[in-house]
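A.B. asks: mmCIF, C-alpha atoms; chains and numbers go by the auth columns, saved as query18.cif, coming up:
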data_my_file
#
loop_
_atom_site.group_PDB
_atom_site.id
_atom_site.type_symbol
_atom_site.label_atom_id
_atom_site.label_comp_id
_atom_site.label_asym_id
_atom_site.label_seq_id
_atom_site.Cartn_x
_atom_site.Cartn_y
_atom_site.Cartn_z
_atom_site.B_iso_or_equiv
_atom_site.auth_seq_id
_atom_site.auth_asym_id
ATOM 1 C CA MET A 1 -31.875 66.928 -4.847 0.00 1251 A
ATOM 2 C CA PRO A 2 -34.399 68.289 -2.314 0.00 1252 A
ATOM 3 C CA ALA A 3 -33.072 68.913 1.188 0.00 1253 A
ATOM 4 C CA SER A 4 -36.043 67.038 2.645 0.00 1254 A
ATOM 5 C CA PHE A 5 -35.039 63.917 0.680 0.00 1255 A
ATOM 6 C CA ILE A 6 -31.447 64.129 1.931 0.00 1256 A
ATOM 7 C CA SER A 7 -32.616 64.626 5.519 0.00 1257 A
ATOM 8 C CA SER A 8 -34.975 61.668 5.215 0.00 1258 A
ATOM 9 C CA LYS A 9 -32.190 59.483 3.860 0.00 1259 A
ATOM 10 C CA ARG A 10 -29.808 60.512 6.651 0.00 1260 A
ATOM 11 C CA LEU A 11 -32.522 59.812 9.194 0.00 1261 A
ATOM 12 C CA LYS A 12 -32.998 56.292 7.845 0.00 1262 A
ATOM 13 C CA VAL A 13 -29.244 55.687 7.999 0.00 1263 A
ATOM 14 C CA PHE A 14 -29.180 57.004 11.573 0.00 1264 A
ATOM 15 C CA PHE A 15 -31.958 54.631 12.673 0.00 1265 A
ATOM 16 C CA LEU A 16 -30.274 51.716 10.884 0.00 1266 A
ATOM 17 C CA VAL A 17 -26.961 52.412 12.612 0.00 1267 A
ATOM 18 C CA GLU A 18 -28.759 52.709 15.959 0.00 1268 A
ATOM 19 C CA ALA A 19 -30.458 49.361 15.360 0.00 1269 A
ATOM 20 C CA LEU A 20 -27.163 47.653 14.486 0.00 1270 A
ATOM 21 C CA GLN A 21 -25.071 49.191 17.259 0.00 1271 A
ATOM 22 C CA PRO A 22 -25.898 46.855 20.204 0.00 1272 A
ATOM 23 C CA GLU A 23 -23.161 44.276 20.649 0.00 1273 A
ATOM 24 C CA HIS A 24 -25.537 41.304 20.639 0.00 1274 A
ATOM 25 C CA ILE A 25 -26.841 42.354 17.215 0.00 1275 A
ATOM 26 C CA LEU A 26 -23.326 42.593 15.782 0.00 1276 A
ATOM 27 C CA CYS A 27 -22.423 39.255 17.380 0.00 1277 A
ATOM 28 C CA ARG A 28 -25.477 37.694 15.769 0.00 1278 A
ATOM 29 C CA ILE A 29 -24.513 39.010 12.324 0.00 1279 A
ATOM 30 C CA LEU A 30 -20.991 37.584 12.646 0.00 1280 A
ATOM 31 C CA TRP A 31 -22.382 34.295 13.963 0.00 1281 A
ATOM 32 C CA ILE A 32 -24.634 34.001 10.900 0.00 1282 A
ATOM 33 C CA VAL A 33 -21.716 34.709 8.567 0.00 1283 A
ATOM 34 C CA GLU A 34 -19.614 32.030 10.241 0.00 1284 A
ATOM 35 C CA ASN A 35 -22.268 29.351 10.744 0.00 1285 A
ATOM 36 C CA THR A 36 -25.333 29.587 8.522 0.00 1286 A
ATOM 37 C CA LEU A 37 -25.907 27.007 5.783 0.00 1287 A
ATOM 38 C CA ASN A 38 -28.455 29.253 4.080 0.00 1288 A
ATOM 39 C CA ILE A 39 -26.712 30.745 1.015 0.00 1289 A
ATOM 40 C CA GLN A 40 -29.151 33.652 0.654 0.00 1290 A
ATOM 41 C CA LEU A 41 -28.857 34.605 4.325 0.00 1291 A
ATOM 42 C CA LEU A 42 -25.074 34.343 4.157 0.00 1292 A
ATOM 43 C CA GLU A 43 -24.937 36.552 1.061 0.00 1293 A
ATOM 44 C CA LYS A 44 -27.173 39.214 2.637 0.00 1294 A
ATOM 45 C CA SER A 45 -25.141 39.181 5.860 0.00 1295 A
ATOM 46 C CA ILE A 46 -21.800 39.606 4.076 0.00 1296 A
ATOM 47 C CA ASN A 47 -23.367 42.292 1.880 0.00 1297 A
ATOM 48 C CA LEU A 48 -24.298 44.129 5.070 0.00 1298 A
ATOM 49 C CA LEU A 49 -20.713 43.932 6.369 0.00 1299 A
ATOM 50 C CA LEU A 50 -19.443 45.171 2.996 0.00 1300 A
ATOM 51 C CA ALA A 51 -21.921 48.061 3.047 0.00 1301 A
ATOM 52 C CA ILE A 52 -20.712 49.040 6.535 0.00 1302 A
ATOM 53 C CA ALA A 53 -17.056 48.906 5.469 0.00 1303 A
ATOM 54 C CA GLU A 54 -17.829 51.098 2.440 0.00 1304 A
ATOM 55 C CA SER A 55 -20.046 53.560 4.329 0.00 1305 A
ATOM 56 C CA LYS A 56 -19.316 57.151 5.182 0.00 1306 A
ATOM 57 C CA GLN A 57 -16.783 57.855 7.886 0.00 1307 A
ATOM 58 C CA ASP A 58 -19.321 58.472 10.653 0.00 1308 A
ATOM 59 C CA VAL A 59 -20.984 55.084 10.091 0.00 1309 A
ATOM 60 C CA VAL A 60 -17.614 53.338 9.879 0.00 1310 A
ATOM 61 C CA ALA A 61 -16.483 55.018 13.110 0.00 1311 A
ATOM 62 C CA ILE A 62 -19.533 53.730 14.990 0.00 1312 A
ATOM 63 C CA LEU A 63 -19.916 50.182 13.683 0.00 1313 A
ATOM 64 C CA LEU A 64 -16.501 48.961 12.532 0.00 1314 A
ATOM 65 C CA PRO A 65 -14.563 49.152 15.842 0.00 1315 A
ATOM 66 C CA PRO A 66 -16.926 46.787 17.688 0.00 1316 A
ATOM 67 C CA LEU A 67 -17.160 44.510 14.629 0.00 1317 A
ATOM 68 C CA MET A 68 -13.383 44.297 14.394 0.00 1318 A
ATOM 69 C CA LYS A 69 -13.141 43.650 18.115 0.00 1319 A
ATOM 70 C CA LEU A 70 -15.699 40.853 17.815 0.00 1320 A
ATOM 71 C CA GLY A 71 -13.708 39.096 15.094 0.00 1321 A
ATOM 72 C CA LEU A 72 -14.326 40.687 11.693 0.00 1322 A
ATOM 73 C CA HIS A 73 -10.585 41.372 11.416 0.00 1323 A
ATOM 74 C CA ASP A 74 -9.918 37.618 11.330 0.00 1324 A
ATOM 75 C CA SER A 75 -11.429 37.233 7.875 0.00 1325 A
ATOM 76 C CA ALA A 76 -8.802 34.638 6.901 0.00 1326 A
ATOM 77 C CA ASP A 77 -10.801 31.895 8.628 0.00 1327 A
ATOM 78 C CA LEU A 78 -13.924 32.658 6.623 0.00 1328 A
ATOM 79 C CA LEU A 79 -11.915 32.950 3.432 0.00 1329 A
ATOM 80 C CA SER A 80 -10.214 29.630 4.152 0.00 1330 A
ATOM 81 C CA VAL A 81 -13.584 27.882 4.447 0.00 1331 A
ATOM 82 C CA GLU A 82 -14.778 29.261 1.108 0.00 1332 A
ATOM 83 C CA ILE A 83 -11.546 28.422 -0.717 0.00 1333 A
ATOM 84 C CA SER A 84 -11.680 24.865 0.637 0.00 1334 A
ATOM 85 C CA LYS A 85 -15.138 24.507 -0.897 0.00 1335 A
ATOM 86 C CA LEU A 86 -13.625 25.238 -4.309 0.00 1336 A
ATOM 87 C CA THR A 87 -11.500 22.121 -3.934 0.00 1337 A
ATOM 88 C CA GLU A 88 -14.163 19.910 -2.380 0.00 1338 A
ATOM 89 C CA GLU A 89 -17.435 20.828 -4.100 0.00 1339 A
ATOM 90 C CA ARG A 90 -17.035 23.810 -6.472 0.00 1340 A
ATOM 91 C CA PRO A 91 -20.668 24.885 -6.144 0.00 1341 A
ATOM 92 C CA PRO A 92 -21.177 27.891 -8.497 0.00 1342 A
ATOM 93 C CA GLU A 93 -23.511 29.563 -5.995 0.00 1343 A
ATOM 94 C CA ARG A 94 -20.561 29.959 -3.610 0.00 1344 A
ATOM 95 C CA TYR A 95 -18.514 32.023 -6.066 0.00 1345 A
ATOM 96 C CA SER A 96 -20.482 35.195 -5.296 0.00 1346 A
ATOM 97 C CA ILE A 97 -20.000 34.538 -1.565 0.00 1347 A
ATOM 98 C CA LEU A 98 -16.250 34.234 -2.059 0.00 1348 A
ATOM 99 C CA ASP A 99 -16.167 37.468 -4.050 0.00 1349 A
ATOM 100 C CA LEU A 100 -18.189 39.338 -1.395 0.00 1350 A
ATOM 101 C CA ILE A 101 -15.771 38.194 1.317 0.00 1351 A
ATOM 102 C CA LEU A 102 -12.825 39.380 -0.773 0.00 1352 A
ATOM 103 C CA GLN A 103 -14.539 42.719 -1.471 0.00 1353 A
ATOM 104 C CA THR A 104 -15.155 43.180 2.254 0.00 1354 A
ATOM 105 C CA VAL A 105 -11.508 42.468 3.088 0.00 1355 A
ATOM 106 C CA GLU A 106 -10.445 44.837 0.309 0.00 1356 A
ATOM 107 C CA ALA A 107 -12.711 47.572 1.711 0.00 1357 A
ATOM 108 C CA LEU A 108 -11.196 47.072 5.170 0.00 1358 A
ATOM 109 C CA SER A 109 -7.666 47.141 3.740 0.00 1359 A
ATOM 110 C CA VAL A 110 -8.044 50.744 2.533 0.00 1360 A
ATOM 111 C CA ILE A 111 -9.369 52.107 5.849 0.00 1361 A
ATOM 112 C CA ASP A 112 -6.485 53.769 7.676 0.00 1362 A
ATOM 113 C CA ASP A 113 -7.293 52.337 11.110 0.00 1363 A
ATOM 114 C CA TYR A 114 -7.391 48.744 9.855 0.00 1364 A
ATOM 115 C CA SER A 115 -5.172 48.563 6.773 0.00 1365 A
ATOM 116 C CA GLN A 116 -2.070 47.560 8.724 0.00 1366 A
ATOM 117 C CA GLU A 117 -3.912 44.748 10.497 0.00 1367 A
ATOM 118 C CA ILE A 118 -5.250 43.386 7.205 0.00 1368 A
ATOM 119 C CA CYS A 119 -2.046 43.823 5.215 0.00 1369 A
ATOM 120 C CA SER A 120 0.123 42.143 7.846 0.00 1370 A
ATOM 121 C CA ASN A 121 -2.046 39.014 8.023 0.00 1371 A
ATOM 122 C CA LYS A 122 0.239 36.220 6.768 0.00 1372 A
ATOM 123 C CA GLU A 123 -2.510 33.626 6.542 0.00 1373 A
ATOM 124 C CA LEU A 124 -4.645 35.974 4.456 0.00 1374 A
ATOM 125 C CA LEU A 125 -1.791 36.529 2.037 0.00 1375 A
ATOM 126 C CA GLN A 126 -1.210 32.777 1.687 0.00 1376 A
ATOM 127 C CA LEU A 127 -4.913 32.230 0.928 0.00 1377 A
ATOM 128 C CA LEU A 128 -4.940 34.966 -1.697 0.00 1378 A
ATOM 129 C CA VAL A 129 -1.935 33.466 -3.450 0.00 1379 A
ATOM 130 C CA GLN A 130 -3.562 30.028 -3.293 0.00 1380 A
ATOM 131 C CA LEU A 131 -6.647 31.444 -4.972 0.00 1381 A
ATOM 132 C CA ILE A 132 -4.698 33.341 -7.642 0.00 1382 A
ATOM 133 C CA LYS A 133 -2.683 30.232 -8.506 0.00 1383 A
ATOM 134 C CA HIS A 134 -5.724 27.929 -8.532 0.00 1384 A
ATOM 135 C CA PRO A 135 -5.602 25.855 -11.755 0.00 1385 A
ATOM 136 C CA ASP A 136 -9.320 26.375 -12.437 0.00 1386 A
ATOM 137 C CA LYS A 137 -9.506 30.070 -11.558 0.00 1387 A
ATOM 138 C CA ALA A 138 -11.196 30.861 -14.899 0.00 1388 A
ATOM 139 C CA GLU A 139 -14.322 29.165 -13.492 0.00 1389 A
ATOM 140 C CA PHE A 140 -14.602 31.839 -10.795 0.00 1390 A
ATOM 141 C CA ALA A 141 -13.274 34.893 -12.610 0.00 1391 A
ATOM 142 C CA ASN A 142 -14.609 37.676 -10.360 0.00 1392 A
ATOM 143 C CA PRO A 143 -13.149 36.308 -7.097 0.00 1393 A
ATOM 144 C CA SER A 144 -9.802 35.737 -8.839 0.00 1394 A
ATOM 145 C CA VAL A 145 -9.690 39.333 -10.041 0.00 1395 A
ATOM 146 C CA THR A 146 -10.682 40.687 -6.618 0.00 1396 A
ATOM 147 C CA ALA A 147 -8.007 38.505 -4.991 0.00 1397 A
ATOM 148 C CA SER A 148 -5.399 39.845 -7.427 0.00 1398 A
ATOM 149 C CA VAL A 149 -6.340 43.459 -6.697 0.00 1399 A
ATOM 150 C CA LEU A 150 -6.286 42.824 -2.943 0.00 1400 A
ATOM 151 C CA THR A 151 -2.915 41.058 -3.184 0.00 1401 A
ATOM 152 C CA ALA A 152 -1.503 43.959 -5.184 0.00 1402 A
ATOM 153 C CA ASN A 153 -2.744 46.367 -2.488 0.00 1403 A
ATOM 154 C CA ILE A 154 -1.037 44.294 0.204 0.00 1404 A
ATOM 155 C CA LEU A 155 2.198 44.150 -1.792 0.00 1405 A
ATOM 156 C CA THR A 156 2.082 47.931 -2.039 0.00 1406 A
ATOM 157 C CA ASP A 157 1.321 48.569 1.637 0.00 1407 A
ATOM 158 C CA ALA A 158 3.378 45.776 3.225 0.00 1408 A
ATOM 159 C CA THR A 159 6.543 45.444 1.175 0.00 1409 A
ATOM 160 C CA ASP A 160 8.412 43.796 4.052 0.00 1410 A
ATOM 161 C CA LEU A 161 5.810 41.038 4.209 0.00 1411 A
ATOM 162 C CA ALA A 162 5.997 40.583 0.450 0.00 1412 A
ATOM 163 C CA LEU A 163 9.789 40.227 0.592 0.00 1413 A
ATOM 164 C CA ARG A 164 9.594 37.655 3.370 0.00 1414 A
ATOM 165 C CA TYR A 165 6.997 35.650 1.475 0.00 1415 A
ATOM 166 C CA HIS A 166 8.848 35.765 -1.802 0.00 1416 A
ATOM 167 C CA ARG A 167 11.015 32.852 -0.608 0.00 1417 A
ATOM 168 C CA THR A 168 8.065 30.786 0.620 0.00 1418 A
ATOM 169 C CA CYS A 169 4.734 31.057 -1.176 0.00 1419 A
ATOM 170 C CA PHE A 170 5.201 33.717 -3.850 0.00 1420 A
ATOM 171 C CA SER A 171 6.369 33.218 -7.386 0.00 1421 A
ATOM 172 C CA TYR A 172 7.309 35.746 -10.015 0.00 1422 A
ATOM 173 C CA ARG A 173 4.125 34.768 -11.842 0.00 1423 A
ATOM 174 C CA VAL A 174 1.997 35.968 -8.916 0.00 1424 A
ATOM 175 C CA TYR A 175 3.868 39.273 -8.775 0.00 1425 A
ATOM 176 C CA LEU A 176 3.511 39.669 -12.524 0.00 1426 A
ATOM 177 C CA MET A 177 -0.208 38.870 -12.524 0.00 1427 A
ATOM 178 C CA CYS A 178 -0.950 41.457 -9.835 0.00 1428 A
ATOM 179 C CA PHE A 179 1.257 44.077 -11.465 0.00 1429 A
ATOM 180 C CA LEU A 180 -0.290 43.587 -14.903 0.00 1430 A
ATOM 181 C CA LEU A 181 -3.778 43.691 -13.443 0.00 1431 A
ATOM 182 C CA LEU A 182 -3.140 47.058 -11.816 0.00 1432 A
ATOM 183 C CA LEU A 183 -1.714 48.413 -15.054 0.00 1433 A
ATOM 184 C CA MET A 184 -4.723 47.280 -17.050 0.00 1434 A
ATOM 185 C CA ILE A 185 -7.174 48.661 -14.512 0.00 1435 A
ATOM 186 C CA SER A 186 -5.454 52.040 -14.577 0.00 1436 A
ATOM 187 C CA LYS A 187 -5.849 52.144 -18.361 0.00 1437 A
ATOM 188 C CA HIS A 188 -9.462 50.888 -18.278 0.00 1438 A
ATOM 189 C CA GLU A 189 -8.521 48.040 -20.608 0.00 1439 A
ATOM 190 C CA VAL A 190 -9.055 45.052 -18.341 0.00 1440 A
ATOM 191 C CA GLN A 191 -9.903 41.913 -20.283 0.00 1441 A
ATOM 192 C CA PHE A 192 -10.694 39.687 -17.302 0.00 1442 A
ATOM 193 C CA GLY A 193 -11.575 36.511 -19.172 0.00 1443 A
ATOM 194 C CA ALA A 194 -8.521 36.519 -21.418 0.00 1444 A
ATOM 195 C CA PHE A 195 -6.291 37.567 -18.530 0.00 1445 A
ATOM 196 C CA LEU A 196 -7.431 34.704 -16.318 0.00 1446 A
ATOM 197 C CA GLN A 197 -7.225 32.133 -19.087 0.00 1447 A
ATOM 198 C CA GLY A 198 -3.596 33.143 -19.801 0.00 1448 A
#
Turn the structure described in the file into structure tokens.
C.D. replies:
Amino acid sequence: MPASFISSKRLKVFFLVEALQPEHILCRILWIVENTLNIQLLEKSINLLLAIAESKQDVVAILLPPLMKLGLHDSADLLSVEISKLTEERPPERYSILDLILQTVEALSVIDDYSQEICSNKELLQLLVQLIKHPDKAEFANPSVTASVLTANILTDATDLALRYHRTCFSYRVYLMCFLLLLMISKHEVQFGAFLQG
């Protein structure tokens, strides 16, 4: 790949980061995510947060700390709203939104500076279990799989939280589902539809 192309790409990223860095811009993005009724705008905004969380370390170091300080860490509230819509309305267009939120939380959960904060969130864990145990989870397969992977990550990183919750909201079925999912992913033999229907 030509060096000029790489330099041009880095320059574009630099200008984008500079444009996003002011606090009022970040506040506006989070406000849109929390309040907009426009599905397309919501999807693009969450996609932007996901892209930031999955960016290179220098971008993450600049943009994530202020975003977390402004409330991105409290993703359980946003997740709670989307899960409640599954019970009330079940609009198919919201399934991709739910999956994007889960992907964003998953991306945050593997970043060293924020993994502990995400993995120790009791409300988040309760919501994930609620989603995994949803009777109609086959209708929204991708979010269910993402929730299972995220739950398995939390169980791995926060074993004390998992043990405490075993007596309250966890069942052996939830443990087994997450464990089997990780095994299948590691062997590249995931059969998501059949797994979720089972």
A.B. asks: So which residues get picked by the PyMOL selection byres ((chain A and resi 1349-1362) around 6) here, written as a list in words?
C.D. replies: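 Answer for the PyMOL selection byres ((chain A and resi 1349-1362) around 6): Leu1300, Ala1303, Ser1346, Ile1347, Leu1348, Asp1363, Tyr1364, Ser1365, Ile1368, Pro1393 and Leu1400 of chain A.
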A.B. asks: Kindly indicate which residue among A:Leu1287, A:Leu1378, A:Cys1369, A:Leu1299 lies nearest to Leu1405 (chain A), using only C-alpha atoms for the distances.
C.D. replies: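 Of A:Leu1287, A:Leu1378, A:Cys1369, A:Leu1299, the one nearest Leu1405 (chain A) is A:Cys1369, counting only C-alpha atoms.
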A.B. asks: Of the candidates A:Thr1401, A:Gln1271, A:Thr1396, A:Gln1290, which one gets nearest to Glu1343 (chain A) if we count only C-alpha atoms?
C.D. replies: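 Comparing A:Thr1401, A:Gln1271, A:Thr1396, A:Gln1290 against Glu1343 (chain A), the winner is A:Gln1290.
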A.B. asks: Please provide as a list in words all residues within 10 Å of Asn1371 (chain A), with the sequence filter that same-chain residues fewer than 2 positions apart are discarded (counting all atoms listed in the file).
C.D. replies: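 After dropping sequence-adjacent residues, the list is His1323, Asp1324, Ser1325, Ala1326, Gln1366, Glu1367, Ile1368, Cys1369, Glu1373, Leu1374, Leu1375, Gln1376, Ile1404, Ala1408 and Leu1411 of chain A.
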A.B. asks: For C-alpha atoms, I'd like the residues from the last selection saved as a PDB file, keeping the file's coordinate frame.
C.D. replies:
ATOM      1  CA  HIS A1323     -10.585  41.372  11.416  1.00  0.00           C
ATOM      2  CA  ASP A1324      -9.918  37.618  11.330  1.00  0.00           C
ATOM      3  CA  SER A1325     -11.429  37.233   7.875  1.00  0.00           C
ATOM      4  CA  ALA A1326      -8.802  34.638   6.901  1.00  0.00           C
ATOM      5  CA  GLN A1366      -2.070  47.560   8.724  1.00  0.00           C
ATOM      6  CA  GLU A1367      -3.912  44.748  10.497  1.00  0.00           C
ATOM      7  CA  ILE A1368      -5.250  43.386   7.205  1.00  0.00           C
ATOM      8  CA  CYS A1369      -2.046  43.823   5.215  1.00  0.00           C
ATOM      9  CA  GLU A1373      -2.510  33.626   6.542  1.00  0.00           C
ATOM     10  CA  LEU A1374      -4.645  35.974   4.456  1.00  0.00           C
ATOM     11  CA  LEU A1375      -1.791  36.529   2.037  1.00  0.00           C
ATOM     12  CA  GLN A1376      -1.210  32.777   1.687  1.00  0.00           C
ATOM     13  CA  ILE A1404      -1.037  44.294   0.204  1.00  0.00           C
ATOM     14  CA  ALA A1408       3.378  45.776   3.225  1.00  0.00           C
ATOM     15  CA  LEU A1411       5.810  41.038   4.209  1.00  0.00           C
TER      16      LEU A1411
END
A.B. asks: For a quick check of understanding, using all atoms listed in the file, which of A:Val1309, A:Ala1402, A:Val1379, A:Val1331 has the smallest distance to Val1263 (chain A)?
C.D. replies: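 Answer, going by the shortest atom-to-atom distance: A:Val1309.
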A.B. asks: What box, with edges along x, y and z, holds each listed atom of region 1346-1351 of chain A when 4 Å is added on every side, and can you state its centre and edge lengths in Å to one decimal, as JSON?
C.D. replies:
{"center_x": -18.1, "center_y": 36.8, "center_z": -2.0, "size_x": 12.7, "size_y": 13.1, "size_z": 14.6}
A.B. asks: Mind giving me the straight-line distance from CA of Pro1316 (chain A) to CA of Ile1289 (chain A) in Å, one decimal?
C.D. replies: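 Computing the Euclidean distance for CA of Pro1316 (chain A) and CA of Ile1289 (chain A) yields 25.1 Å.
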A.B. asks: In Å, with one decimal, what is the gap from CA of Leu1280 (chain A) to CA of Leu1322 (chain A)?
C.D. replies: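 According to the coordinates, CA of Leu1280 (chain A) and CA of Leu1322 (chain A) are separated by 7.4 Å.
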A.B. asks: Pick from A:Ala1269, A:Leu1317, A:Leu1328, A:His1274: nearest to Thr1286 (chain A), with all atoms listed in the file counted?
C.D. replies: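 That would be A:Leu1328, the residue with the smallest distance to Thr1286 (chain A).
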A.B. asks: For Glu1284 (chain A), which residue out of A:Leu1313, A:Leu1336, A:Ile1296, A:Met1318 is the nearest one, using all atoms listed in the file?
C.D. replies: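 Checking each candidate against Glu1284 (chain A), we get A:Ile1296 as the closest.
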